[in-house]
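Coordinates as given in data30.pdb (PDB, C-alpha atoms):
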```
ATOM      1  CA  MET A   1     -35.521 -29.728   4.886
ATOM      2  CA  THR A   2     -35.425 -27.087   2.172
ATOM      3  CA  GLU A   3     -32.517 -27.487  -0.278
ATOM      4  CA  LYS A   4     -30.296 -24.435  -0.260
ATOM      5  CA  HIS A   5     -30.418 -22.606  -3.591
ATOM      6  CA  THR A   6     -27.118 -21.583  -5.212
ATOM      7  CA  GLU A   7     -27.428 -18.697  -7.656
ATOM      8  CA  SER A   8     -25.607 -18.938 -10.954
ATOM      9  CA  TYR A   9     -23.806 -16.191 -12.841
ATOM     10  CA  GLU A  10     -21.743 -16.138 -15.964
ATOM     11  CA  VAL A  11     -18.979 -14.227 -14.172
ATOM     12  CA  VAL A  12     -18.237 -13.527 -10.518
ATOM     13  CA  VAL A  13     -15.823 -10.674  -9.857
ATOM     14  CA  VAL A  14     -14.222 -10.800  -6.410
ATOM     15  CA  GLY A  15     -13.113  -7.304  -5.452
ATOM     16  CA  GLY A  16     -14.917  -4.006  -5.956
ATOM     17  CA  GLY A  17     -12.002  -1.647  -6.591
ATOM     18  CA  ALA A  18     -10.955  -0.086  -9.876
ATOM     19  CA  ALA A  19      -9.986  -3.405 -11.466
ATOM     20  CA  GLY A  20     -13.088  -5.298 -10.396
ATOM     21  CA  LEU A  21     -15.526  -2.544 -11.270
ATOM     22  CA  SER A  22     -13.896  -2.011 -14.654
ATOM     23  CA  ALA A  23     -14.162  -5.703 -15.506
ATOM     24  CA  ALA A  24     -17.778  -5.699 -14.343
ATOM     25  CA  LEU A  25     -18.591  -2.644 -16.454
ATOM     26  CA  VAL A  26     -17.326  -4.308 -19.620
ATOM     27  CA  LEU A  27     -19.122  -7.545 -18.803
ATOM     28  CA  GLY A  28     -22.372  -5.780 -17.948
ATOM     29  CA  ARG A  29     -22.297  -3.873 -21.212
ATOM     30  CA  ALA A  30     -21.712  -7.202 -22.957
ATOM     31  CA  ARG A  31     -24.950  -8.464 -21.382
ATOM     32  CA  ARG A  32     -23.221 -10.993 -19.155
ATOM     33  CA  ARG A  33     -24.913 -11.867 -15.859
ATOM     34  CA  THR A  34     -22.246 -10.636 -13.468
ATOM     35  CA  LEU A  35     -21.869 -10.405  -9.702
ATOM     36  CA  VAL A  36     -19.304  -8.251  -7.895
ATOM     37  CA  VAL A  37     -18.373  -9.337  -4.360
ATOM     38  CA  ASP A  38     -16.942  -6.338  -2.534
ATOM     39  CA  ALA A  39     -15.498  -6.551   0.986
ATOM     40  CA  GLY A  40     -15.255  -2.740   1.074
ATOM     41  CA  GLU A  41     -11.555  -2.496   1.967
ATOM     42  CA  PRO A  42      -9.849  -0.523  -0.828
ATOM     43  CA  ARG A  43      -6.097  -0.148  -0.501
ATOM     44  CA  ASN A  44      -6.193   3.602  -1.177
ATOM     45  CA  ALA A  45      -8.871   4.370   1.428
ATOM     46  CA  PRO A  46      -6.449   6.404   3.610
ATOM     47  CA  ALA A  47      -5.769   8.823   0.733
ATOM     48  CA  ALA A  48      -7.859  11.968   0.392
ATOM     49  CA  HIS A  49      -7.405  12.021  -3.365
ATOM     50  CA  MET A  50      -5.944  10.040  -6.241
ATOM     51  CA  GLN A  51      -3.751  11.497  -8.955
ATOM     52  CA  GLY A  52      -2.506  10.694 -12.424
ATOM     53  CA  TYR A  53      -5.781   9.271 -13.761
ATOM     54  CA  LEU A  54      -6.646  11.345 -16.826
ATOM     55  CA  SER A  55      -9.999  13.146 -16.311
ATOM     56  CA  ARG A  56     -10.145  11.925 -12.686
ATOM     57  CA  ASP A  57      -7.036  13.652 -11.309
ATOM     58  CA  GLY A  58      -7.720  14.817  -7.758
ATOM     59  CA  MET A  59     -10.916  12.797  -7.283
ATOM     60  CA  SER A  60     -11.310  11.139  -3.907
ATOM     61  CA  PRO A  61     -11.061   7.338  -3.961
ATOM     62  CA  ALA A  62     -14.450   7.075  -2.265
ATOM     63  CA  GLU A  63     -16.132   9.210  -4.930
ATOM     64  CA  PHE A  64     -14.420   7.249  -7.697
ATOM     65  CA  LEU A  65     -15.768   3.960  -6.368
ATOM     66  CA  ALA A  66     -19.252   5.403  -5.800
ATOM     67  CA  VAL A  67     -19.408   6.541  -9.436
ATOM     68  CA  GLY A  68     -18.172   3.133 -10.584
ATOM     69  CA  ARG A  69     -20.860   1.324  -8.610
ATOM     70  CA  GLU A  70     -23.534   3.548 -10.151
ATOM     71  CA  GLU A  71     -22.198   2.828 -13.631
ATOM     72  CA  ILE A  72     -22.191  -0.962 -13.325
ATOM     73  CA  ALA A  73     -25.714  -0.889 -11.890
ATOM     74  CA  ARG A  74     -26.983   0.688 -15.136
ATOM     75  CA  TYR A  75     -26.121  -2.527 -16.952
ATOM     76  CA  GLY A  76     -27.691  -4.920 -14.488
ATOM     77  CA  VAL A  77     -24.500  -5.932 -12.693
ATOM     78  CA  GLU A  78     -25.196  -6.977  -9.110
ATOM     79  CA  LEU A  79     -22.935  -5.925  -6.252
ATOM     80  CA  VAL A  80     -22.974  -7.476  -2.811
ATOM     81  CA  ARG A  81     -21.071  -6.267   0.234
ATOM     82  CA  ASP A  82     -19.530  -9.502   1.397
ATOM     83  CA  ARG A  83     -16.270 -11.405   1.459
ATOM     84  CA  ALA A  84     -15.382 -14.463  -0.603
ATOM     85  CA  VAL A  85     -13.921 -16.996   1.825
ATOM     86  CA  ASP A  86     -13.672 -20.128  -0.297
ATOM     87  CA  VAL A  87     -13.791 -21.293  -3.879
ATOM     88  CA  THR A  88     -13.929 -24.724  -5.508
ATOM     89  CA  ARG A  89     -14.078 -25.899  -9.081
ATOM     90  CA  ASP A  90     -16.015 -28.749 -10.641
ATOM     91  CA  GLY A  91     -16.146 -27.485 -14.189
ATOM     92  CA  ASP A  92     -17.684 -24.188 -13.075
ATOM     93  CA  PHE A  93     -16.711 -22.362  -9.883
ATOM     94  CA  THR A  94     -18.516 -22.256  -6.552
ATOM     95  CA  VAL A  95     -17.680 -19.180  -4.469
ATOM     96  CA  VAL A  96     -18.619 -19.237  -0.783
ATOM     97  CA  LEU A  97     -19.223 -15.911   0.932
ATOM     98  CA  ALA A  98     -18.724 -14.995   4.581
ATOM     99  CA  SER A  99     -22.483 -14.555   4.934
ATOM    100  CA  GLY A 100     -22.971 -18.234   4.079
ATOM    101  CA  ARG A 101     -24.253 -17.552   0.590
ATOM    102  CA  SER A 102     -22.816 -19.602  -2.280
ATOM    103  CA  VAL A 103     -22.763 -18.549  -5.928
ATOM    104  CA  ARG A 104     -21.791 -20.342  -9.112
ATOM    105  CA  ALA A 105     -19.825 -18.847 -11.978
ATOM    106  CA  ARG A 106     -18.556 -19.978 -15.355
ATOM    107  CA  ARG A 107     -15.639 -17.560 -15.110
ATOM    108  CA  LEU A 108     -13.935 -15.826 -12.201
ATOM    109  CA  VAL A 109     -12.092 -12.519 -11.852
ATOM    110  CA  VAL A 110      -9.924 -12.138  -8.746
ATOM    111  CA  ALA A 111      -9.353  -8.440  -8.072
ATOM    112  CA  THR A 112      -8.778  -8.643  -4.328
ATOM    113  CA  GLY A 113      -5.784  -6.297  -4.256
ATOM    114  CA  LEU A 114      -3.199  -6.243  -1.524
ATOM    115  CA  ARG A 115      -2.757  -5.094   2.055
ATOM    116  CA  ASP A 116      -0.023  -2.676   3.148
ATOM    117  CA  GLU A 117       1.973  -3.590   6.253
ATOM    118  CA  LEU A 118       3.564  -0.380   7.528
ATOM    119  CA  PRO A 119       6.818  -0.093   9.473
ATOM    120  CA  ASP A 120       6.265  -0.512  13.206
ATOM    121  CA  VAL A 121       7.263   3.050  14.069
ATOM    122  CA  PRO A 122       4.927   5.185  16.194
ATOM    123  CA  GLY A 123       3.254   7.814  14.063
ATOM    124  CA  VAL A 124       3.594   6.043  10.731
ATOM    125  CA  ALA A 125       0.209   4.301  10.668
ATOM    126  CA  GLU A 126      -1.549   7.312  12.220
ATOM    127  CA  ARG A 127      -0.278   9.686   9.518
ATOM    128  CA  PHE A 128      -0.368   7.308   6.546
ATOM    129  CA  GLY A 129      -2.134   8.976   3.638
ATOM    130  CA  ASP A 130      -1.631  12.476   5.111
ATOM    131  CA  ASP A 131       2.042  13.368   5.511
ATOM    132  CA  VAL A 132       3.353   9.794   5.564
ATOM    133  CA  LEU A 133       3.266   8.631   1.963
ATOM    134  CA  HIS A 134       4.559   5.819  -0.217
ATOM    135  CA  CYS A 135       4.210   6.856  -3.868
ATOM    136  CA  PRO A 136       5.680  10.073  -5.291
ATOM    137  CA  TYR A 137       3.649   9.674  -8.478
ATOM    138  CA  CYS A 138       0.499   9.617  -6.344
ATOM    139  CA  HIS A 139       1.380  12.446  -3.953
ATOM    140  CA  GLY A 140       4.681  14.062  -4.935
ATOM    141  CA  TRP A 141       3.216  17.132  -6.629
ATOM    142  CA  GLU A 142       1.035  17.956  -3.630
ATOM    143  CA  VAL A 143       4.026  17.983  -1.220
ATOM    144  CA  ARG A 144       6.634  19.317  -3.643
ATOM    145  CA  ASP A 145       9.558  21.338  -2.264
ATOM    146  CA  GLN A 146       8.841  20.393   1.340
ATOM    147  CA  ALA A 147      11.386  18.783   3.662
ATOM    148  CA  PHE A 148      11.207  15.047   2.895
ATOM    149  CA  GLY A 149      12.312  12.098   4.971
ATOM    150  CA  VAL A 150      12.528   8.576   3.595
ATOM    151  CA  LEU A 151      12.211   5.777   6.142
ATOM    152  CA  ALA A 152      14.095   2.747   4.872
ATOM    153  CA  THR A 153      12.423  -0.640   5.124
ATOM    154  CA  SER A 154      15.043  -2.514   3.052
ATOM    155  CA  PRO A 155      18.049  -1.738   0.857
ATOM    156  CA  LEU A 156      15.511  -1.298  -1.971
ATOM    157  CA  SER A 157      14.425   1.914  -0.231
ATOM    158  CA  VAL A 158      17.406   3.603  -1.887
ATOM    159  CA  HIS A 159      15.334   3.648  -5.062
ATOM    160  CA  GLN A 160      12.517   5.473  -3.258
ATOM    161  CA  ALA A 161      14.929   8.050  -1.809
ATOM    162  CA  LEU A 162      16.350   8.733  -5.265
ATOM    163  CA  MET A 163      12.908   8.957  -6.871
ATOM    164  CA  VAL A 164      11.465  11.466  -4.403
ATOM    165  CA  SER A 165      14.412  13.796  -5.033
ATOM    166  CA  GLN A 166      12.592  14.721  -8.248
ATOM    167  CA  TRP A 167       9.958  16.489  -6.119
ATOM    168  CA  SER A 168      12.176  18.041  -3.431
ATOM    169  CA  LYS A 169      15.846  18.917  -3.121
ATOM    170  CA  ASP A 170      15.670  18.580   0.669
ATOM    171  CA  VAL A 171      15.638  14.820   1.226
ATOM    172  CA  THR A 172      16.978  12.912   4.244
ATOM    173  CA  PHE A 173      17.287   9.137   3.991
ATOM    174  CA  PHE A 174      16.855   7.456   7.398
ATOM    175  CA  LEU A 175      18.468   4.022   7.236
ATOM    176  CA  HIS A 176      16.525   2.827  10.320
ATOM    177  CA  GLU A 177      17.220  -0.927  10.429
ATOM    178  CA  VAL A 178      19.283  -0.954   7.214
ATOM    179  CA  ALA A 179      23.053  -0.952   7.696
ATOM    180  CA  GLU A 180      25.091   1.507   5.679
ATOM    181  CA  SER A 181      27.202  -1.465   4.573
ATOM    182  CA  ASP A 182      24.093  -2.820   2.811
ATOM    183  CA  LEU A 183      24.293   0.081   0.351
ATOM    184  CA  SER A 184      26.404  -0.420  -2.749
ATOM    185  CA  ASP A 185      28.982   2.035  -4.036
ATOM    186  CA  ASP A 186      26.529   2.939  -6.814
ATOM    187  CA  ASP A 187      23.812   3.567  -4.209
ATOM    188  CA  LEU A 188      26.027   5.952  -2.261
ATOM    189  CA  ARG A 189      27.225   7.710  -5.399
ATOM    190  CA  ARG A 190      23.699   8.262  -6.665
ATOM    191  CA  LEU A 191      22.424   9.441  -3.288
ATOM    192  CA  ALA A 192      25.253  11.972  -3.150
ATOM    193  CA  ALA A 193      24.592  13.091  -6.724
ATOM    194  CA  ALA A 194      20.910  13.634  -5.855
ATOM    195  CA  GLY A 195      21.833  15.636  -2.762
ATOM    196  CA  VAL A 196      20.169  13.111  -0.438
ATOM    197  CA  LYS A 197      21.484  13.166   3.139
ATOM    198  CA  VAL A 198      22.004   9.677   4.596
ATOM    199  CA  VAL A 199      21.346   9.277   8.342
ATOM    200  CA  PRO A 200      22.167   5.942  10.041
ATOM    201  CA  GLY A 201      20.490   4.748  13.208
ATOM    202  CA  ALA A 202      17.051   3.476  14.191
ATOM    203  CA  VAL A 203      14.032   5.757  14.076
ATOM    204  CA  ALA A 204      12.148   5.818  17.383
ATOM    205  CA  GLU A 205       9.041   7.713  16.289
ATOM    206  CA  LEU A 206       7.638  10.478  14.168
ATOM    207  CA  VAL A 207       7.129  13.836  15.847
ATOM    208  CA  ILE A 208       3.568  15.110  15.499
ATOM    209  CA  GLU A 209       2.581  18.627  16.597
ATOM    210  CA  ASP A 210      -0.791  20.324  16.019
ATOM    211  CA  ASP A 211      -1.931  17.425  13.832
ATOM    212  CA  ARG A 212       0.999  17.602  11.447
ATOM    213  CA  LEU A 213       4.342  15.907  11.023
ATOM    214  CA  THR A 214       7.227  18.095  12.162
ATOM    215  CA  GLY A 215      10.149  15.738  12.609
ATOM    216  CA  VAL A 216      11.760  12.329  12.888
ATOM    217  CA  LEU A 217      13.075  11.282  16.300
ATOM    218  CA  LEU A 218      15.978   8.818  16.318
ATOM    219  CA  ALA A 219      16.649   6.288  19.061
ATOM    220  CA  ASP A 220      19.685   8.325  20.149
ATOM    221  CA  GLY A 221      17.402  11.277  20.921
ATOM    222  CA  THR A 222      18.259  13.481  17.952
ATOM    223  CA  VAL A 223      15.404  15.067  16.026
ATOM    224  CA  HIS A 224      15.495  15.893  12.322
ATOM    225  CA  ALA A 225      12.922  18.444  11.231
ATOM    226  CA  ARG A 226      10.849  16.991   8.374
ATOM    227  CA  GLU A 227       7.446  17.821   6.910
ATOM    228  CA  VAL A 228       6.783  14.664   4.912
ATOM    229  CA  VAL A 229       7.982  11.068   5.262
ATOM    230  CA  PHE A 230       7.955   8.532   2.454
ATOM    231  CA  THR A 231       8.204   4.846   3.252
ATOM    232  CA  ALA A 232       7.591   1.594   1.425
ATOM    233  CA  PRO A 233       5.034  -0.655   3.124
ATOM    234  CA  ARG A 234       5.425  -4.393   2.868
ATOM    235  CA  ALA A 235       2.909  -5.531   0.297
ATOM    236  CA  VAL A 236       0.794  -8.556   1.236
ATOM    237  CA  PRO A 237      -1.110  -9.793  -1.833
ATOM    238  CA  GLN A 238      -4.649 -10.942  -1.082
ATOM    239  CA  THR A 239      -4.446 -14.022  -3.264
ATOM    240  CA  GLY A 240      -5.934 -16.698  -1.020
ATOM    241  CA  LEU A 241      -8.607 -17.653  -3.556
ATOM    242  CA  LEU A 242      -5.996 -18.176  -6.250
ATOM    243  CA  GLU A 243      -3.980 -20.341  -3.874
ATOM    244  CA  LYS A 244      -7.050 -22.472  -3.149
ATOM    245  CA  LEU A 245      -7.490 -23.033  -6.885
ATOM    246  CA  GLY A 246      -3.856 -24.090  -7.294
ATOM    247  CA  ALA A 247      -2.713 -21.140  -9.407
ATOM    248  CA  GLU A 248       0.960 -20.882 -10.282
ATOM    249  CA  PHE A 249       2.862 -18.084  -8.519
ATOM    250  CA  GLN A 250       6.168 -16.349  -9.070
ATOM    251  CA  GLU A 251       8.391 -14.624  -6.520
ATOM    252  CA  THR A 252       9.175 -10.939  -7.013
ATOM    253  CA  PRO A 253      11.047  -8.392  -4.862
ATOM    254  CA  PHE A 254       7.595  -7.245  -3.709
ATOM    255  CA  GLY A 255       5.998 -10.562  -2.878
ATOM    256  CA  SER A 256       4.535 -13.632  -4.538
ATOM    257  CA  TYR A 257       2.109 -12.945  -7.393
ATOM    258  CA  PRO A 258       0.224 -15.175  -9.825
ATOM    259  CA  VAL A 259       1.682 -15.977 -13.213
ATOM    260  CA  VAL A 260      -0.621 -14.360 -15.781
ATOM    261  CA  ASP A 261      -0.730 -13.878 -19.531
ATOM    262  CA  PRO A 262      -1.164 -10.407 -21.123
ATOM    263  CA  THR A 263      -4.937 -10.540 -20.519
ATOM    264  CA  GLY A 264      -4.592 -11.406 -16.831
ATOM    265  CA  LEU A 265      -5.477 -15.082 -17.313
ATOM    266  CA  THR A 266      -3.878 -17.177 -14.573
ATOM    267  CA  SER A 267      -2.621 -20.740 -14.895
ATOM    268  CA  VAL A 268      -6.104 -21.881 -13.820
ATOM    269  CA  PRO A 269      -8.405 -22.019 -16.865
ATOM    270  CA  GLY A 270     -11.310 -19.622 -16.473
ATOM    271  CA  VAL A 271      -9.677 -17.502 -13.758
ATOM    272  CA  TRP A 272      -8.320 -14.009 -14.345
ATOM    273  CA  ALA A 273      -6.410 -11.751 -11.944
ATOM    274  CA  ALA A 274      -6.502  -7.956 -12.190
ATOM    275  CA  GLY A 275      -5.171  -4.948 -10.298
ATOM    276  CA  ASN A 276      -2.894  -5.391  -7.292
ATOM    277  CA  ALA A 277      -3.841  -9.067  -7.080
ATOM    278  CA  MET A 278      -1.519  -9.557 -10.057
ATOM    279  CA  GLY A 279       1.230  -7.060  -9.265
ATOM    280  CA  PHE A 280       2.529  -4.550  -6.741
ATOM    281  CA  ALA A 281       2.803  -1.527  -9.033
ATOM    282  CA  GLU A 282      -0.731  -1.430 -10.443
ATOM    283  CA  GLN A 283      -1.964   2.132  -9.880
ATOM    284  CA  VAL A 284      -5.675   2.921 -10.151
ATOM    285  CA  VAL A 285      -5.456   3.729 -13.852
ATOM    286  CA  ASN A 286      -3.507   0.524 -14.558
ATOM    287  CA  ALA A 287      -5.923  -1.534 -12.479
ATOM    288  CA  ALA A 288      -8.900  -0.150 -14.396
ATOM    289  CA  SER A 289      -7.172  -0.955 -17.680
ATOM    290  CA  GLY A 290      -6.396  -4.503 -16.546
ATOM    291  CA  GLY A 291      -9.980  -5.036 -15.470
ATOM    292  CA  TYR A 292     -11.258  -3.795 -18.829
ATOM    293  CA  ARG A 293      -8.912  -6.134 -20.683
ATOM    294  CA  ALA A 294      -9.930  -9.126 -18.572
ATOM    295  CA  GLY A 295     -13.619  -8.380 -19.014
ATOM    296  CA  ALA A 296     -13.326  -8.115 -22.792
ATOM    297  CA  PHE A 297     -11.394 -11.382 -23.122
ATOM    298  CA  ILE A 298     -13.793 -13.218 -20.814
ATOM    299  CA  ASN A 299     -16.756 -12.130 -22.904
ATOM    300  CA  GLY A 300     -15.060 -13.303 -26.078
ATOM    301  CA  GLU A 301     -14.092 -16.632 -24.533
ATOM    302  CA  LEU A 302     -17.646 -17.271 -23.315
ATOM    303  CA  LEU A 303     -19.063 -16.355 -26.710
ATOM    304  CA  PHE A 304     -16.885 -18.792 -28.627
ATOM    305  CA  ALA A 305     -17.283 -21.525 -26.007
ATOM    306  CA  ASP A 306     -21.063 -21.334 -26.452
ATOM    307  CA  LEU A 307     -20.821 -21.252 -30.251
ATOM    308  CA  ASP A 308     -18.530 -24.270 -30.291
ATOM    309  CA  ALA A 309     -20.879 -26.164 -27.973
ATOM    310  CA  THR A 310     -23.849 -25.560 -30.275
ATOM    311  CA  PRO A 311     -24.707 -28.634 -32.378
TER     312      PRO A 311
END
```
Write the structure described by the file as structure tokens, please.
Amino acid sequence: MTEKHTESYEVVVVGGGAAGLSAALVLGRARRRTLVVDAGEPRNAPAAHMQGYLSRDGMSPAEFLAVGREEIARYGVELVRDRAVDVTRDGDFTVVLASGRSVRARRLVVATGLRDELPDVPGVAERFGDDVLHCPYCHGWEVRDQAFGVLATSPLSVHQALMVSQWSKDVTFFLHEVAESDLSDDDLRRLAAAGVKVVPGAVAELVIEDDRLTGVLLADGTVHAREVVFTAPRAVPQTGLLEKLGAEFQETPFGSYPVVDPTGLTSVPGVWAAGNAMGFAEQVVNAASGGYRAGAFINGELLFADLDATP
């Protein structure tokens, strides 16, 4: 029987989005043997464009990632389309891929992002990224001054309804499964001050005509004409690898995320988290910055570890 060969790298980056590619770019330029494992499921895939990234404003997410892959390849970074399904540690790390391949790494970057769970309302998933949106900073300018609806998913949705009023003065807040009694006096006062109309009652579906959103249908049969709907998906962090390694987590209003230091280092020595794997609000530009920071600190740590181990 032939013994199965396990390839060794200095760093394995799990996740090929902005955070992972940015970390890999820094590491490749630092002449570190680096592998990126990319499952090919970016969170922003439904969006036609991304905004707010200086010099890349309006670029499509697919183009952004394609350019990033080309850049890391210039520095010898390897990228494999696969999924990391397990990880163990015995000094170094062994990462097992869905294909059956195993790789070793001295350091690990987990940049696996998160998955959005959308409200179970007909039309929401079908229109997500078009005229059903979640982030006004990402899409508000493009839909400015249109008739907005905000579909509540929790009492925290009040914040979203108030925020989007910066981009349109015609905002209707659909409470859906949130009771009006769940809103505080401050919530109601601020909604009124922003000119946001509050509509109680469950939403039955979104009205789609000629491939565009035209309204919100309530369970009682009433229809409110709307052109855009904002809603907050439930964020599901993809942190299974960190859980397997025993990383410490902290609860937030947006889910459970790893405890990290300012560089992204988790409670597990040698393991960094970057992008949406470490927090809900990491936009593309923030994720790229976090990946850069992690990559730079990893290189420095490896350098001094090797120097200190030299007789």
**Message:** As a check of understanding, name the residues that the PyMOL selection byres ((chain A and resi 166) around 12) selects in the supplied structure, as a ChimeraX atom specification.
**Reply:** /A:136-137,140-141,143-146,148,159-165,167-171,194-196
**Message:** For the provided coordinates, the residues matched by the PyMOL selection byres ((chain A and resi 49) around 8) should be stated as a count of residues only.
**Reply:** 8
**Prompt:** At most 7 Å from (9.0, 5.4, 9.1), file frame, only C-alpha atoms: which residues, as a ChimeraX atom specification?
**Reply:** /A:119,121,124,151,229,231
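What separates atom CA of Val236 of chain A from atom CA of Glu117 of chain A is a distance of 7.2 Å.
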**Prompt:** What is the atom CA of Ala204 of chain A to atom CA of Leu175 of chain A distance in Å?
**Reply:** 12.1 Å
**Message:** Can you spell out as a PyMOL selection string the set of residues that the PyMOL selection byres ((chain A and resi 157) around 12) selects in the structure I just provided?
**Reply:** chain A and resi 134-135+149-156+158-164+173-178+182-183+187+191+198+230-234+253-254
Write the residues of the preceding selection, restricted to C-alpha atoms, as an mmCIF file, in the frame of the given file.
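Output contents, as saved in again03.cif:
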```
data_model
loop_
_atom_site.group_PDB
_atom_site.id
_atom_site.type_symbol
_atom_site.label_atom_id
_atom_site.label_comp_id
_atom_site.auth_asym_id
_atom_site.auth_seq_id
_atom_site.Cartn_x
_atom_site.Cartn_y
_atom_site.Cartn_z
ATOM 1 C CA HIS A 134 4.559 5.819 -0.217
ATOM 2 C CA CYS A 135 4.210 6.856 -3.868
ATOM 3 C CA GLY A 149 12.312 12.098 4.971
ATOM 4 C CA VAL A 150 12.528 8.576 3.595
ATOM 5 C CA LEU A 151 12.211 5.777 6.142
ATOM 6 C CA ALA A 152 14.095 2.747 4.872
ATOM 7 C CA THR A 153 12.423 -0.640 5.124
ATOM 8 C CA SER A 154 15.043 -2.514 3.052
ATOM 9 C CA PRO A 155 18.049 -1.738 0.857
ATOM 10 C CA LEU A 156 15.511 -1.298 -1.971
ATOM 11 C CA VAL A 158 17.406 3.603 -1.887
ATOM 12 C CA HIS A 159 15.334 3.648 -5.062
ATOM 13 C CA GLN A 160 12.517 5.473 -3.258
ATOM 14 C CA ALA A 161 14.929 8.050 -1.809
ATOM 15 C CA LEU A 162 16.350 8.733 -5.265
ATOM 16 C CA MET A 163 12.908 8.957 -6.871
ATOM 17 C CA VAL A 164 11.465 11.466 -4.403
ATOM 18 C CA PHE A 173 17.287 9.137 3.991
ATOM 19 C CA PHE A 174 16.855 7.456 7.398
ATOM 20 C CA LEU A 175 18.468 4.022 7.236
ATOM 21 C CA HIS A 176 16.525 2.827 10.320
ATOM 22 C CA GLU A 177 17.220 -0.927 10.429
ATOM 23 C CA VAL A 178 19.283 -0.954 7.214
ATOM 24 C CA ASP A 182 24.093 -2.820 2.811
ATOM 25 C CA LEU A 183 24.293 0.081 0.351
ATOM 26 C CA ASP A 187 23.812 3.567 -4.209
ATOM 27 C CA LEU A 191 22.424 9.441 -3.288
ATOM 28 C CA VAL A 198 22.004 9.677 4.596
ATOM 29 C CA PHE A 230 7.955 8.532 2.454
ATOM 30 C CA THR A 231 8.204 4.846 3.252
ATOM 31 C CA ALA A 232 7.591 1.594 1.425
ATOM 32 C CA PRO A 233 5.034 -0.655 3.124
ATOM 33 C CA ARG A 234 5.425 -4.393 2.868
ATOM 34 C CA PRO A 253 11.047 -8.392 -4.862
ATOM 35 C CA PHE A 254 7.595 -7.245 -3.709
#
```
Nearby residues (all atoms listed in the file) at most 12 Å from Val103 of chain A, same-chain spacing under 4 positions excluded, as a short mmCIF file (atom, residue, chain, number, x, y, z; two decimals) with C-alpha atoms, in the coordinates of the input:
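Final output, result-v1.cif:
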```cif
data_model
loop_
_atom_site.label_atom_id
_atom_site.label_comp_id
_atom_site.auth_asym_id
_atom_site.auth_seq_id
_atom_site.Cartn_x
_atom_site.Cartn_y
_atom_site.Cartn_z
CA LYS A 4 -30.30 -24.44 -0.26
CA HIS A 5 -30.42 -22.61 -3.59
CA THR A 6 -27.12 -21.58 -5.21
CA GLU A 7 -27.43 -18.70 -7.66
CA SER A 8 -25.61 -18.94 -10.95
CA TYR A 9 -23.81 -16.19 -12.84
CA GLU A 10 -21.74 -16.14 -15.96
CA VAL A 11 -18.98 -14.23 -14.17
CA VAL A 12 -18.24 -13.53 -10.52
CA VAL A 13 -15.82 -10.67 -9.86
CA VAL A 14 -14.22 -10.80 -6.41
CA THR A 34 -22.25 -10.64 -13.47
CA LEU A 35 -21.87 -10.40 -9.70
CA VAL A 36 -19.30 -8.25 -7.90
CA VAL A 37 -18.37 -9.34 -4.36
CA VAL A 80 -22.97 -7.48 -2.81
CA ALA A 84 -15.38 -14.46 -0.60
CA VAL A 85 -13.92 -17.00 1.82
CA ASP A 86 -13.67 -20.13 -0.30
CA VAL A 87 -13.79 -21.29 -3.88
CA THR A 88 -13.93 -24.72 -5.51
CA ARG A 89 -14.08 -25.90 -9.08
CA ASP A 92 -17.68 -24.19 -13.08
CA PHE A 93 -16.71 -22.36 -9.88
CA THR A 94 -18.52 -22.26 -6.55
CA VAL A 95 -17.68 -19.18 -4.47
CA VAL A 96 -18.62 -19.24 -0.78
CA LEU A 97 -19.22 -15.91 0.93
CA ALA A 98 -18.72 -15.00 4.58
CA SER A 99 -22.48 -14.56 4.93
CA ARG A 107 -15.64 -17.56 -15.11
CA LEU A 108 -13.94 -15.83 -12.20
#
```
**Distance in Å - atom CA of Thr222 of chain A versus atom CA of Asp116 of chain A** =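 Rounded to one decimal, the two atoms are 28.5 Å apart.
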**Prompt:** Which is closest to Thr172 of chain A among A:Glu301, A:Asp82, A:Glu227, A:Asp57, if we use only C-alpha atoms?
**Reply:** A:Glu227
**Item:** Closest of A:Leu307, A:Leu188, A:Val285, A:Val259 to Val271 of chain A - atom-to-atom distances counting only C-alpha atoms
**Value:** A:Val259
